[in-house]
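Please read the structure below before turning to the comments.
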Amino acid sequence: MRCCAICDPVITPTDPRAARPRIDWRRLDGILLLDKPQGMSSNQALQQARRLFRADKAGHTGSLDPLATGLLPICFGEATKIAGGLLGARKAYETVARLGVVTDTDDAEGQVLRERPVPALTIDQIDAALRQLTGHILQKPPVYSALKRGGEPLYAKARRGEPIEVEPRAVEVHAFDLISAADLLDGGEPLLRLHVECGSGTYVRSLVRDLGELLGCGAHVVELRRLWVDPFREPRMWTLQGLEQLRAQAGERVLDACLLPVEIGMASWPEVRVNAAQALRLGRGQGLRGPYPVRGQVAILDERGRGLGLGEVDAEGRLRPVRLFRWAAQTGAAGAQ
């Protein structure tokens, strides 16, 4: 990891990177619902999408393992200011668990730690185990995870062979349901296809690992796909390959039409509307007395419904700006004229 610009490597004329065309980055605001491919890290997918759109600023809203596919919301420009709020959103997954084998990463990319015979199981037994892992539970995150200790991800310590003890933490699992056990019950591969809906900080790999222990044989994830993330319940996802083809065929302007406006990403927050004079005050960093009926973090919109940013309503009903978009003050100034 580069610590500063001084540490950047010197690129010589013989370095293959010297032949890369320079990217003319541009200001771009919006949200891309990316269908992350298997085998690519979330950051690799983010950087590829950023280069494709030439966006000067980008961030994603919650990592997916390289094994996983599916919805990875990517925020460009001012949309990055709401990315932190989307990290804690409710999410849904479909996963395939392989019974009888435990790995060090709790998925198919890890090293096998042990194998055990899979007992004869019934649907009722599987459903009973799933119910034990539903609701407010304590979950032990995987050792190979992006959680940090001492400023370093746990996976980095695990790869060096350092002993790691991970403490259980409270998570919420809204649904953990069996979709199909046909392979297992028909005497084929011991596979379970499962549906998961969960809150922030929940690891599907850990759910599958713990399910395997409850069933007496161990288990790991062999497939994982994220279906949706609030507020994007029925997402129109774009693949990197599809976006590249679209740009080649129709140009950058059509590519930009694939982005959602930032306001759609603000749908999970309670809404507060302000007039031009109030927007001007907020844009100057000043609060509004209100009183506003909601409490906590809110989405601030102008009278036409354009998003101005995020704010906080205190116990007395006063609204203060938290993270405003760059156009908030301009919107207020233009409306006040």
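Letters A, B, ... mark the chains of the structure tokens in the order given; residue numbers begin at 1 per chain; ligand numbers begin at 1, in order shown.
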I'd like the contact shell of Gly85 of chain A - 9 Å cut-off, only C-alpha atoms, skipping same-chain residues fewer than 3 positions apart - returned as a ChimeraX atom specification. /A:61,81-82,88-89,266,268-269
Selection: 9 Å around Pro141 of chain A, only C-alpha atoms, excl. self and same-chain fewer than 4 positions, as a short mmCIF file (atom, residue, chain, number, x, y, z; two decimals) with N, CA and C atoms, in the first residue's frame:
```cif
data_model
loop_
_atom_site.label_atom_id
_atom_site.label_comp_id
_atom_site.auth_asym_id
_atom_site.auth_seq_id
_atom_site.Cartn_x
_atom_site.Cartn_y
_atom_site.Cartn_z
N SER A 145 -11.06 -12.08 7.28
CA SER A 145 -12.04 -11.03 7.01
C SER A 145 -11.32 -9.70 6.98
N LEU A 147 -12.09 -7.18 8.80
CA LEU A 147 -12.11 -6.52 10.10
C LEU A 147 -10.69 -6.19 10.53
N VAL A 166 -11.01 -14.14 17.56
CA VAL A 166 -12.03 -13.18 17.16
C VAL A 166 -13.20 -13.28 18.14
N GLU A 167 -13.58 -12.15 18.72
CA GLU A 167 -14.66 -12.14 19.68
C GLU A 167 -16.01 -12.13 18.96
N PRO A 168 -17.00 -12.85 19.48
CA PRO A 168 -18.34 -12.80 18.89
C PRO A 168 -18.93 -11.39 19.02
N ARG A 169 -19.80 -11.05 18.10
CA ARG A 169 -20.46 -9.75 18.16
C ARG A 169 -21.93 -9.90 17.77
N GLY A 201 -22.82 -5.93 9.19
CA GLY A 201 -21.82 -6.68 9.94
C GLY A 201 -22.02 -8.17 9.97
N THR A 202 -23.06 -8.68 9.32
CA THR A 202 -23.32 -10.13 9.32
C THR A 202 -22.51 -10.80 8.21
N TYR A 203 -21.85 -11.90 8.55
CA TYR A 203 -21.10 -12.67 7.56
C TYR A 203 -21.88 -13.92 7.19
N ARG A 205 -20.72 -16.31 5.43
CA ARG A 205 -19.78 -17.42 5.63
C ARG A 205 -19.87 -17.96 7.06
N SER A 206 -20.01 -17.05 8.02
CA SER A 206 -20.11 -17.48 9.41
C SER A 206 -21.43 -18.19 9.68
#
```
Within 12 Å of Ala257 of chain A, counting only C-alpha atoms, which residues show up once you throw out same-chain ones fewer than 6 positions away? Write them as number ranges by chain, please. A: 28-32, 53, 238, 243, 246-247, 250-251
With only C-alpha atoms as the atoms that count, which of A:Glu78, A:Glu172, A:Glu109, A:Asp56 lies nearest to Trp327 of chain A? A:Glu78
Backbone DSSP call of strand (DSSP E) for segment 35-271 of chain A, listed as a VMD selection string: chain A and resid 35 to 36 58 to 60 69 to 76 91 to 99 101 to 103 112 to 115 135 to 139 148 to 149 152 to 153 169 to 180 191 to 198 219 to 229 271
Contacts of segment 218-233 of chain A at 9 Å or less, counting only C-alpha atoms, minus same-chain residues fewer than 4 places along, as a PyMOL selection string? chain A and resi 33+35+64-65+67-73+86+89-103+105-109+114-116+118+204-206+208-214+264-268
Just the alpha helix (DSSP H) stuff from segment 55-192 of chain A, please, per backbone DSSP, written as a compact mmCIF listing (two decimals) with N, CA and C atoms, in the first residue's frame.
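The result, written out as out10.txt:
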```
# COMPACT_ATOMS: atom_id res chain seq x y z
N ALA A 83 -22.45 7.12 1.18
CA ALA A 83 -22.03 5.72 1.11
C ALA A 83 -21.97 5.10 2.50
N GLY A 84 -21.50 5.85 3.49
CA GLY A 84 -21.39 5.31 4.84
C GLY A 84 -22.73 4.87 5.39
N GLY A 85 -23.79 5.60 5.08
CA GLY A 85 -25.12 5.24 5.55
C GLY A 85 -25.64 3.99 4.88
N LEU A 86 -25.24 3.76 3.64
CA LEU A 86 -25.69 2.57 2.93
C LEU A 86 -24.98 1.31 3.40
N LEU A 87 -23.84 1.47 4.07
CA LEU A 87 -23.10 0.31 4.58
C LEU A 87 -23.92 -0.49 5.57
N ILE A 123 -35.72 -32.33 6.44
CA ILE A 123 -36.03 -30.91 6.27
C ILE A 123 -36.31 -30.27 7.62
N ASP A 124 -37.02 -30.97 8.49
CA ASP A 124 -37.34 -30.43 9.82
C ASP A 124 -36.08 -30.16 10.62
N GLN A 125 -35.10 -31.04 10.54
CA GLN A 125 -33.84 -30.83 11.27
C GLN A 125 -33.09 -29.61 10.72
N ILE A 126 -33.08 -29.48 9.40
CA ILE A 126 -32.40 -28.34 8.79
C ILE A 126 -33.10 -27.03 9.16
N ASP A 127 -34.43 -27.02 9.08
CA ASP A 127 -35.19 -25.82 9.43
C ASP A 127 -34.99 -25.44 10.90
N ALA A 128 -34.91 -26.43 11.78
CA ALA A 128 -34.70 -26.15 13.20
C ALA A 128 -33.33 -25.50 13.43
N ALA A 129 -32.32 -25.96 12.72
CA ALA A 129 -30.99 -25.36 12.84
C ALA A 129 -30.98 -23.94 12.29
N LEU A 130 -31.68 -23.72 11.18
CA LEU A 130 -31.76 -22.38 10.61
C LEU A 130 -32.44 -21.40 11.56
N ARG A 131 -33.46 -21.86 12.27
CA ARG A 131 -34.16 -20.98 13.21
C ARG A 131 -33.25 -20.55 14.36
N GLN A 132 -32.31 -21.40 14.73
CA GLN A 132 -31.38 -21.04 15.81
C GLN A 132 -30.43 -19.91 15.39
N LEU A 154 -7.66 -8.47 9.53
CA LEU A 154 -7.39 -9.78 10.12
C LEU A 154 -6.83 -10.76 9.10
N TYR A 155 -7.29 -10.65 7.82
CA TYR A 155 -6.81 -11.60 6.83
C TYR A 155 -5.31 -11.50 6.63
N ALA A 156 -4.75 -10.29 6.79
CA ALA A 156 -3.31 -10.11 6.63
C ALA A 156 -2.56 -10.85 7.75
N LYS A 157 -3.08 -10.75 8.96
CA LYS A 157 -2.47 -11.47 10.08
C LYS A 157 -2.61 -12.98 9.90
N ALA A 158 -3.79 -13.42 9.44
CA ALA A 158 -4.03 -14.85 9.25
C ALA A 158 -3.09 -15.42 8.19
N ARG A 159 -2.85 -14.67 7.13
CA ARG A 159 -1.97 -15.16 6.06
C ARG A 159 -0.53 -15.32 6.54
N ALA A 182 -32.46 -30.60 -2.47
CA ALA A 182 -32.71 -31.70 -3.39
C ALA A 182 -31.47 -32.57 -3.58
N ASP A 183 -30.30 -31.95 -3.76
CA ASP A 183 -29.08 -32.73 -3.99
C ASP A 183 -28.79 -33.63 -2.79
N LEU A 184 -28.88 -33.06 -1.61
CA LEU A 184 -28.59 -33.81 -0.39
C LEU A 184 -29.58 -34.95 -0.20
N LEU A 185 -30.87 -34.66 -0.32
CA LEU A 185 -31.90 -35.65 -0.03
C LEU A 185 -31.99 -36.73 -1.10
```
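If you look at atom CA of Pro142 of chain A and atom CA of Val196 of chain A, they are 17.2 Å away from each other.
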Å distance separating atom CA of Ala79 of chain A from atom CA of Ala299 of chain A, one decimal place: 12.5 Å
